[in-house]
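J.: Next comes upload_25.csv, CSV, C-alpha atoms and all ligand atoms:
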```
chain,number,residue,atom,x,y,z
A,7,MET,CA,0.0,0.0,0.0
A,8,LYS,CA,1.2,3.5,-0.9
A,9,PHE,CA,1.6,6.1,1.8
A,10,ILE,CA,1.8,9.8,1.1
A,11,PHE,CA,5.2,10.0,2.7
A,12,ASN,CA,6.8,7.6,0.3
A,13,GLN,CA,4.9,9.0,-2.8
A,14,LYS,CA,7.8,10.7,-4.6
A,15,ASN,CA,6.0,13.8,-6.0
A,16,PHE,CA,3.8,14.5,-2.9
A,17,PHE,CA,6.0,17.2,-1.3
A,18,ASN,CA,6.6,18.9,-4.6
A,19,GLU,CA,3.0,19.0,-5.6
A,20,ILE,CA,1.8,20.4,-2.2
A,21,GLU,CA,4.3,23.2,-2.2
A,22,PRO,CA,1.9,25.8,-3.8
A,23,LEU,CA,-0.6,25.2,-1.0
A,24,ILE,CA,1.8,26.1,1.8
A,25,SER,CA,1.0,29.6,3.2
A,26,LYS,CA,3.1,31.0,6.1
A,27,SER,CA,0.1,33.0,7.4
A,28,MET,CA,-2.1,29.9,7.8
A,29,GLY,CA,0.2,28.1,10.2
A,30,THR,CA,-0.9,24.6,9.1
A,31,GLU,CA,2.4,23.1,8.1
A,32,HIS,CA,2.3,21.0,11.3
A,33,MET,CA,-1.4,20.9,11.8
A,34,SER,CA,-1.8,19.2,8.4
A,35,PRO,CA,0.3,16.0,9.1
A,36,PHE,CA,-1.3,16.0,12.6
A,37,LEU,CA,-4.7,15.9,11.0
A,38,TYR,CA,-3.5,13.2,8.6
A,39,SER,CA,-2.3,11.0,11.5
A,40,PHE,CA,-5.4,11.8,13.6
A,41,ILE,CA,-7.7,10.7,10.8
A,42,LYS,CA,-5.7,7.5,10.2
A,43,PHE,CA,-6.0,6.9,14.0
A,44,ILE,CA,-9.7,7.5,14.5
A,45,ARG,CA,-11.0,6.6,11.0
A,46,PRO,CA,-13.7,9.1,10.3
A,47,HIS,CA,-15.5,8.5,7.0
A,48,ARG,CA,-17.5,11.6,6.1
A,49,CYS,CA,-15.6,14.8,7.0
A,50,LEU,CA,-16.3,18.5,6.7
A,51,GLU,CA,-13.7,21.3,6.4
A,52,ILE,CA,-14.3,25.0,6.8
A,53,GLY,CA,-11.4,26.8,5.2
A,54,GLY,CA,-9.3,24.8,2.7
A,55,GLY,CA,-5.6,24.8,1.7
A,56,LEU,CA,-2.7,22.6,2.8
A,57,THR,CA,-4.9,20.8,5.3
A,58,THR,CA,-7.2,19.7,2.6
A,59,VAL,CA,-4.6,17.5,0.8
A,60,TYR,CA,-3.5,15.8,4.0
A,61,ILE,CA,-7.0,15.0,5.0
A,62,LEU,CA,-7.7,13.7,1.5
A,63,SER,CA,-4.5,11.6,1.6
A,64,ALA,CA,-5.6,10.0,4.9
A,65,LEU,CA,-9.1,9.3,3.6
A,66,LYS,CA,-7.7,7.7,0.4
A,67,GLU,CA,-5.4,5.5,2.4
A,68,LEU,CA,-8.1,4.4,4.8
A,69,HIS,CA,-10.4,3.7,1.8
A,70,GLU,CA,-7.8,1.3,0.4
A,71,LEU,CA,-6.9,-0.2,3.7
A,72,GLU,CA,-10.5,-0.9,4.6
A,73,LYS,CA,-11.1,-2.6,1.3
A,74,GLN,CA,-8.3,-5.0,2.1
A,75,GLU,CA,-9.4,-5.5,5.7
A,76,MET,CA,-13.0,-6.2,4.6
A,77,SER,CA,-11.7,-9.0,2.4
A,78,ASN,CA,-9.5,-10.3,5.2
A,79,LYS,CA,-6.3,-9.5,3.4
A,80,GLU,CA,-3.2,-9.2,5.5
A,81,THR,CA,-2.3,-5.5,6.2
A,82,ASN,CA,-0.1,-3.8,8.8
A,83,PHE,CA,-3.1,-4.3,11.2
A,84,ASP,CA,-3.3,-7.6,12.9
A,85,LEU,CA,-6.7,-9.0,11.8
A,86,ARG,CA,-7.1,-10.9,15.1
A,87,PHE,CA,-7.8,-7.5,16.7
A,88,LYS,CA,-10.6,-6.6,14.3
A,89,ASN,CA,-13.7,-5.2,16.0
A,90,ASP,CA,-16.6,-6.8,14.1
A,91,ASP,CA,-19.0,-4.1,15.4
A,92,TYR,CA,-17.0,-1.5,13.5
A,93,TYR,CA,-16.7,-3.5,10.3
A,94,ASN,CA,-20.4,-4.4,10.3
A,95,LEU,CA,-21.5,-0.8,10.6
A,96,LYS,CA,-22.8,0.8,7.4
A,97,HIS,CA,-20.3,3.6,7.1
A,98,PRO,CA,-20.6,6.5,4.7
A,99,ASP,CA,-18.0,6.8,1.9
A,100,PHE,CA,-14.7,8.3,2.7
A,101,ILE,CA,-15.3,11.9,1.6
A,102,LEU,CA,-14.3,15.4,2.5
A,103,HIS,CA,-16.7,18.3,2.0
A,104,SER,CA,-14.5,21.4,1.9
A,105,PHE,CA,-15.8,25.0,1.9
A,106,ASP,CA,-13.8,28.1,1.0
A,107,LEU,CA,-15.1,31.4,-0.2
A,108,LEU,CA,-11.6,32.2,-1.5
A,109,SER,CA,-11.9,35.5,0.4
A,110,HIS,CA,-8.6,35.5,2.3
A,111,PRO,CA,-5.9,37.3,0.3
A,112,LYS,CA,-3.3,34.6,1.2
A,113,THR,CA,-5.6,31.6,0.6
A,114,SER,CA,-4.3,28.7,-1.3
A,115,ALA,CA,-7.7,27.0,-1.5
A,116,ASN,CA,-8.0,28.1,-5.2
A,117,LYS,CA,-5.3,25.5,-6.0
A,118,ILE,CA,-6.8,22.6,-4.1
A,119,SER,CA,-8.7,21.0,-6.9
A,120,GLU,CA,-5.7,21.0,-9.3
A,121,VAL,CA,-3.3,19.6,-6.7
A,122,ALA,CA,-5.9,16.9,-5.6
A,123,ASN,CA,-6.3,15.9,-9.3
A,124,LYS,CA,-2.5,15.6,-9.7
A,125,LEU,CA,-2.2,13.4,-6.6
A,126,GLU,CA,-5.3,11.4,-7.6
A,127,LEU,CA,-7.2,12.4,-4.4
A,128,ASN,CA,-10.1,14.1,-6.2
A,129,LYS,CA,-12.4,11.1,-5.8
A,130,HIS,CA,-12.6,11.9,-2.1
A,131,LEU,CA,-13.2,15.6,-2.5
A,132,LYS,CA,-16.3,17.8,-2.8
A,133,PHE,CA,-15.0,21.4,-2.9
A,134,TYR,CA,-17.4,24.3,-2.6
A,135,ASN,CA,-16.4,27.9,-3.4
A,136,GLU,CA,-19.3,28.9,-1.1
A,137,ASP,CA,-20.0,30.4,2.2
A,138,TYR,CA,-20.1,27.5,4.7
A,139,LYS,CA,-23.1,29.1,6.4
A,140,ASN,CA,-25.2,27.8,3.4
A,141,LEU,CA,-24.0,24.3,3.7
A,142,VAL,CA,-27.3,22.8,4.7
A,143,ASN,CA,-28.7,24.1,1.4
A,144,ILE,CA,-25.8,22.7,-0.6
A,145,ILE,CA,-24.9,19.3,0.8
A,146,PRO,CA,-27.7,16.7,0.3
A,147,LYS,CA,-29.7,16.2,3.5
A,148,ALA,CA,-28.9,12.5,3.8
A,149,GLU,CA,-25.2,13.5,4.0
A,150,LEU,CA,-25.5,16.1,6.6
A,151,GLU,CA,-23.9,14.1,9.3
A,152,PHE,CA,-20.1,14.1,9.9
A,153,ASP,CA,-17.6,12.0,11.7
A,154,LEU,CA,-15.1,14.8,11.8
A,155,ILE,CA,-15.4,18.5,11.4
A,156,TRP,CA,-12.3,20.7,11.0
A,157,CYS,CA,-12.9,24.5,11.4
A,158,ASP,CA,-10.0,26.6,10.2
A,159,LEU,CA,-11.7,29.9,10.2
A,160,GLY,CA,-11.6,31.9,13.4
A,161,GLY,CA,-13.5,35.0,14.6
A,162,LEU,CA,-16.3,35.4,17.1
A,163,GLU,CA,-18.9,35.7,14.4
A,164,HIS,CA,-18.0,32.2,13.1
A,165,TYR,CA,-17.6,30.6,16.5
A,166,LEU,CA,-21.2,31.6,17.3
A,167,VAL,CA,-22.4,30.2,14.0
A,168,TYR,CA,-20.4,27.0,14.4
A,169,GLN,CA,-22.2,26.2,17.7
A,170,ASP,CA,-25.6,26.4,16.3
A,171,LEU,CA,-24.9,25.1,12.8
A,172,LEU,CA,-22.1,22.5,13.3
A,173,LEU,CA,-22.5,20.9,16.7
A,174,PRO,CA,-25.8,19.3,15.6
A,175,LEU,CA,-24.1,17.9,12.5
A,176,ILE,CA,-21.7,15.7,14.5
A,177,SER,CA,-22.5,12.0,13.8
A,178,ASN,CA,-24.8,10.2,16.2
A,179,ARG,CA,-22.3,7.4,16.2
A,180,GLY,CA,-19.9,9.8,17.8
A,181,GLY,CA,-17.6,12.2,16.1
A,182,TYR,CA,-15.1,15.0,16.5
A,183,ILE,CA,-15.0,18.7,15.9
A,184,ILE,CA,-11.7,20.6,15.8
A,185,PHE,CA,-11.3,24.4,16.1
A,186,HIS,CA,-7.9,25.8,15.2
A,187,SER,CA,-6.2,28.4,17.4
A,188,THR,CA,-8.8,28.8,20.2
A,189,LEU,CA,-6.1,29.6,22.8
A,190,SER,CA,-4.2,32.2,20.9
A,191,ASN,CA,-6.8,34.9,20.4
A,192,VAL,CA,-9.4,36.7,22.4
A,193,HIS,CA,-12.4,35.4,20.4
A,194,GLY,CA,-11.2,31.8,20.6
A,195,LEU,CA,-10.7,32.1,24.4
A,196,ALA,CA,-14.2,33.6,24.8
A,197,PHE,CA,-15.7,30.8,22.7
A,198,LEU,CA,-13.9,28.2,24.7
A,199,SER,CA,-15.0,29.7,28.1
A,200,GLN,CA,-18.6,29.5,27.2
A,201,LEU,CA,-18.3,26.0,25.8
A,202,LYS,CA,-16.8,25.0,29.1
A,203,LEU,CA,-19.6,26.7,30.9
A,204,LYS,CA,-22.2,24.8,28.9
A,205,LEU,CA,-20.3,21.5,29.6
A,206,ASN,CA,-20.3,22.2,33.3
A,207,ASN,CA,-24.0,23.0,33.2
A,208,GLY,CA,-24.7,19.7,31.4
A,209,MET,CA,-25.9,21.5,28.3
A,210,LEU,CA,-23.6,19.5,26.0
A,211,PRO,CA,-24.1,15.9,27.2
A,212,ASN,CA,-21.7,13.3,25.9
A,213,PHE,CA,-19.3,16.0,24.8
A,214,GLU,CA,-15.7,16.0,25.9
A,215,LEU,CA,-13.3,18.8,25.4
A,216,ILE,CA,-9.5,18.8,24.9
A,217,SER,CA,-7.4,21.9,24.1
A,218,LEU,CA,-4.0,21.9,22.6
A,219,PHE,CA,-1.8,24.9,23.2
A,220,GLU,CA,0.7,26.3,20.6
A,221,PRO,CA,3.1,28.2,23.0
A,222,GLN,CA,4.9,29.9,20.1
A,223,LYS,CA,1.9,31.9,19.0
A,224,LYS,CA,1.4,35.5,20.1
A,225,LYS,CA,-2.1,36.2,21.6
A,226,THR,CA,-4.1,38.3,19.2
A,227,LYS,CA,-7.3,40.3,19.5
A,301,LIG,C1,-7.2,30.1,8.0
A,301,LIG,S1,-7.7,29.9,6.3
A,301,LIG,C2,-7.7,28.2,6.0
A,301,LIG,C3,-6.3,27.6,5.9
A,301,LIG,C4,-6.2,26.2,5.4
A,301,LIG,N1,-6.8,25.3,6.2
A,301,LIG,C5,-4.7,25.8,5.1
A,301,LIG,O1,-4.3,24.8,5.6
A,301,LIG,O2,-4.1,26.6,4.4
A,301,LIG,C6,-9.4,30.3,6.3
A,301,LIG,C7,-10.1,30.2,5.0
A,301,LIG,O3,-11.5,30.5,5.2
A,301,LIG,C8,-12.0,31.1,4.0
A,301,LIG,N2,-13.2,31.8,4.3
A,301,LIG,C9,-13.4,33.0,4.9
A,301,LIG,N3,-14.8,33.2,5.2
A,301,LIG,C10,-15.4,32.1,4.7
A,301,LIG,C11,-16.8,31.6,4.7
A,301,LIG,N4,-17.7,32.4,5.2
A,301,LIG,N5,-17.1,30.5,4.1
A,301,LIG,C12,-16.1,29.7,3.6
A,301,LIG,N6,-14.8,30.0,3.6
A,301,LIG,C13,-14.4,31.2,4.2
A,301,LIG,C14,-10.8,32.0,3.5
A,301,LIG,O4,-10.8,32.3,2.2
A,301,LIG,C15,-9.6,31.2,4.0
A,301,LIG,O5,-9.0,30.5,2.9
```
Could you quickly redo this structure as structure tokens?
T.:
Amino acid sequence: MKFIFNQKNFFNEIEPLISKSMGTEHMSPFLYSFIKFIRPHRCLEIGGGLTTVYILSALKELHELEKQEMSNKETNFDLRFKNDDYYNLKHPDFILHSFDLLSHPKTSANKISEVANKLELNKHLKFYNEDYKNLVNIIPKAELEFDLIWCDLGGLEHYLVYQDLLLPLISNRGGYIIFHSTLSNVHGLAFLSQLKLKLNNGMLPNFELISLFEPQKKKTK
């Protein structure tokens, strides 16, 4: 099985997606590993760029891996540890719905489709040059449930929308929502505080929160 890290042209092809101001050069491989680890099938991304190709690479590799596992082929995962409950579930396809308005002057999201094509990842991508706030009118109703949501667009306005719009879209089977940079700016911190308040008040049952701190980042307003 091919992994992105030993695909010769991978790092050359993704070069145009790297943008210093987005700060996702480490987040992207982190997301890749996290996805390989927790195996979400249907994912949603708000704000595309470098992260998009790493997410797609993980989804493509999982797709190929699960095909082999389903047919009891030997992989790097010892089949004796297979959890039948997981394999018997009717999972959605491995797909990433990615939204980007292309409004940020330094965005690289305009190049995602081309890079995804070159790396043969496009089968797993649905890219929308649309405002994510309209996503319920864009994504078919039957697909409005996600195993993983990655929000890479900050700002109080968006955090408030995310709560009402996105939390209800986390899969009933259990899922993850990741917000980037909540500890390095005032809006993120305010959002986090009221999420914690809601958790403490029992308003978000079955929800667990973990925050990762990037100590190198200056706090911004
Ligand atoms: C921080 S950047 C995303 C960085 C990207 N994940 C990466 O790895 O390079 C946030 C993106 O959100 C986009 N954006 C801003 N407002 C939006 C909206 N309302 N709906 C969808 N995308 C939006 C911007 O064009 C920008 O590309």
J.: Quick one: pull the distance between CA of Lys79 (chain A) and CA of Cys49 (chain A), Å, one decimal.
T.: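 Distance reported for this atom pair: 26.3 Å.
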J.: In terms of the shortest atom-to-atom distance over only C-alpha atoms and all ligand atoms, which of A:Met33, A:Leu85, A:Ile10, A:Ala64 is closest to ligand LIG 301 (chain A)?
T.: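 Of the candidates, the smallest distance to ligand LIG 301 (chain A) is held by A:Met33.
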J.: My list of candidates is A:Val167, A:Leu210, A:Leu65, A:Ala122. Which is closest to ligand LIG 301 (chain A) when distances are computed with all atoms listed in the file?
T.: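 Nearest to ligand LIG 301 (chain A): A:Val167.
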J.: Which chains and residue numbers are within 9 Å of ligand LIG 301 (chain A), counting all atoms listed in the file, if I want them as JSON, numbers by chain?
T.: {"A": [23, 24, 25, 26, 27, 28, 29, 30, 31, 33, 34, 51, 52, 53, 54, 55, 56, 57, 58, 59, 104, 105, 106, 107, 108, 109, 110, 111, 112, 113, 114, 115, 116, 134, 135, 136, 137, 138, 139, 140, 156, 157, 158, 159, 160, 164, 186]}
J.: Do you have the CA of Asp170 (chain A)-CA of Leu62 (chain A) distance handy?
T.: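 Answer for the CA of Asp170 (chain A) to CA of Leu62 (chain A) separation: 26.5 Å.
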J.: For CA of Pro35 (chain A) and CA of Tyr60 (chain A), determine how far apart the two atoms are, in Å to one decimal place.
T.: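 Computed distance, CA of Pro35 (chain A) to CA of Tyr60 (chain A), equals 6.4 Å.
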J.: May I ask which of the residues A:Asp99, A:Asp153, A:Glu21, A:Asp90 is the closest one to Met76 (chain A), counting all atoms listed in the file?
T.: A:Asp90
J.: Which polymer residues, whether protein, DNA or RNA, lie within 10 Å of the coordinate (-10.5, 34.3, 20.9) when you count all atoms listed in the file? List them as a ChimeraX atom specification, using the chain letters and numbers from the file.
T.: /A:160-162,165,187-199,225-227
J.: Kindly indicate which residue among A:Lys8, A:His103, A:Lys96, A:Phe43 lies nearest to Leu141 (chain A), using all atoms listed in the file for the distances.
T.: A:His103
J.: Listed atoms of region 40-58 of chain A, axis-aligned box, 4 Å per side: centre and edge lengths to one decimal in Å, as lines of an AutoDock Vina configuration file?
T.:
```
center_x = -10.1
center_y = 16.7
center_z = 8.1
size_x = 22.8
size_y = 28.2
size_z = 20.8
```
J.: Mind listing as an mmCIF file with C-alpha atoms, keeping the file's coordinate frame all residues within 8 Å of (-15.2, 11.8, 11.6), counting all atoms listed in the file?
T.:
```cif
data_model
loop_
_atom_site.group_PDB
_atom_site.id
_atom_site.type_symbol
_atom_site.label_atom_id
_atom_site.label_comp_id
_atom_site.auth_asym_id
_atom_site.auth_seq_id
_atom_site.Cartn_x
_atom_site.Cartn_y
_atom_site.Cartn_z
ATOM 1 C CA ILE A 41 -7.700 10.700 10.800
ATOM 2 C CA ILE A 44 -9.700 7.500 14.500
ATOM 3 C CA ARG A 45 -11.000 6.600 11.000
ATOM 4 C CA PRO A 46 -13.700 9.100 10.300
ATOM 5 C CA HIS A 47 -15.500 8.500 7.000
ATOM 6 C CA ARG A 48 -17.500 11.600 6.100
ATOM 7 C CA CYS A 49 -15.600 14.800 7.000
ATOM 8 C CA PHE A 152 -20.100 14.100 9.900
ATOM 9 C CA ASP A 153 -17.600 12.000 11.700
ATOM 10 C CA LEU A 154 -15.100 14.800 11.800
ATOM 11 C CA ILE A 155 -15.400 18.500 11.400
ATOM 12 C CA SER A 177 -22.500 12.000 13.800
ATOM 13 C CA GLY A 181 -17.600 12.200 16.100
ATOM 14 C CA TYR A 182 -15.100 15.000 16.500
#
```
J.: So that I can see what lies close to Leu175 (chain A), please list as a PyMOL selection string the residues with an atom at most 8 Å from it, counting all atoms listed in the file and leaving out residues fewer than 4 positions away in the same chain.
T.: chain A and resi 150-152+171
J.: Create the file for the chosen residues now, containing C-alpha atoms and written as a compact mmCIF listing (two decimals), keeping the file's coordinate frame.
T.:
```
# COMPACT_ATOMS: atom_id res chain seq x y z
CA LEU A 150 -25.50 16.10 6.60
CA GLU A 151 -23.90 14.10 9.30
CA PHE A 152 -20.10 14.10 9.90
CA LEU A 171 -24.90 25.10 12.80
```
J.: In terms of the shortest atom-to-atom distance over all atoms listed in the file, which of A:Leu201, A:Leu95, A:Ile145, A:Leu125 is closest to Leu173 (chain A)?
T.: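 Residue with the minimum atom-to-atom distance to Leu173 (chain A): A:Leu201.
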J.: So which one's closest to Pro22 (chain A), A:Ile118, A:Ile144, A:Leu37, A:Leu71? Using only C-alpha atoms, please.
T.: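 Selected residue with least distance to Pro22 (chain A): A:Ile118.
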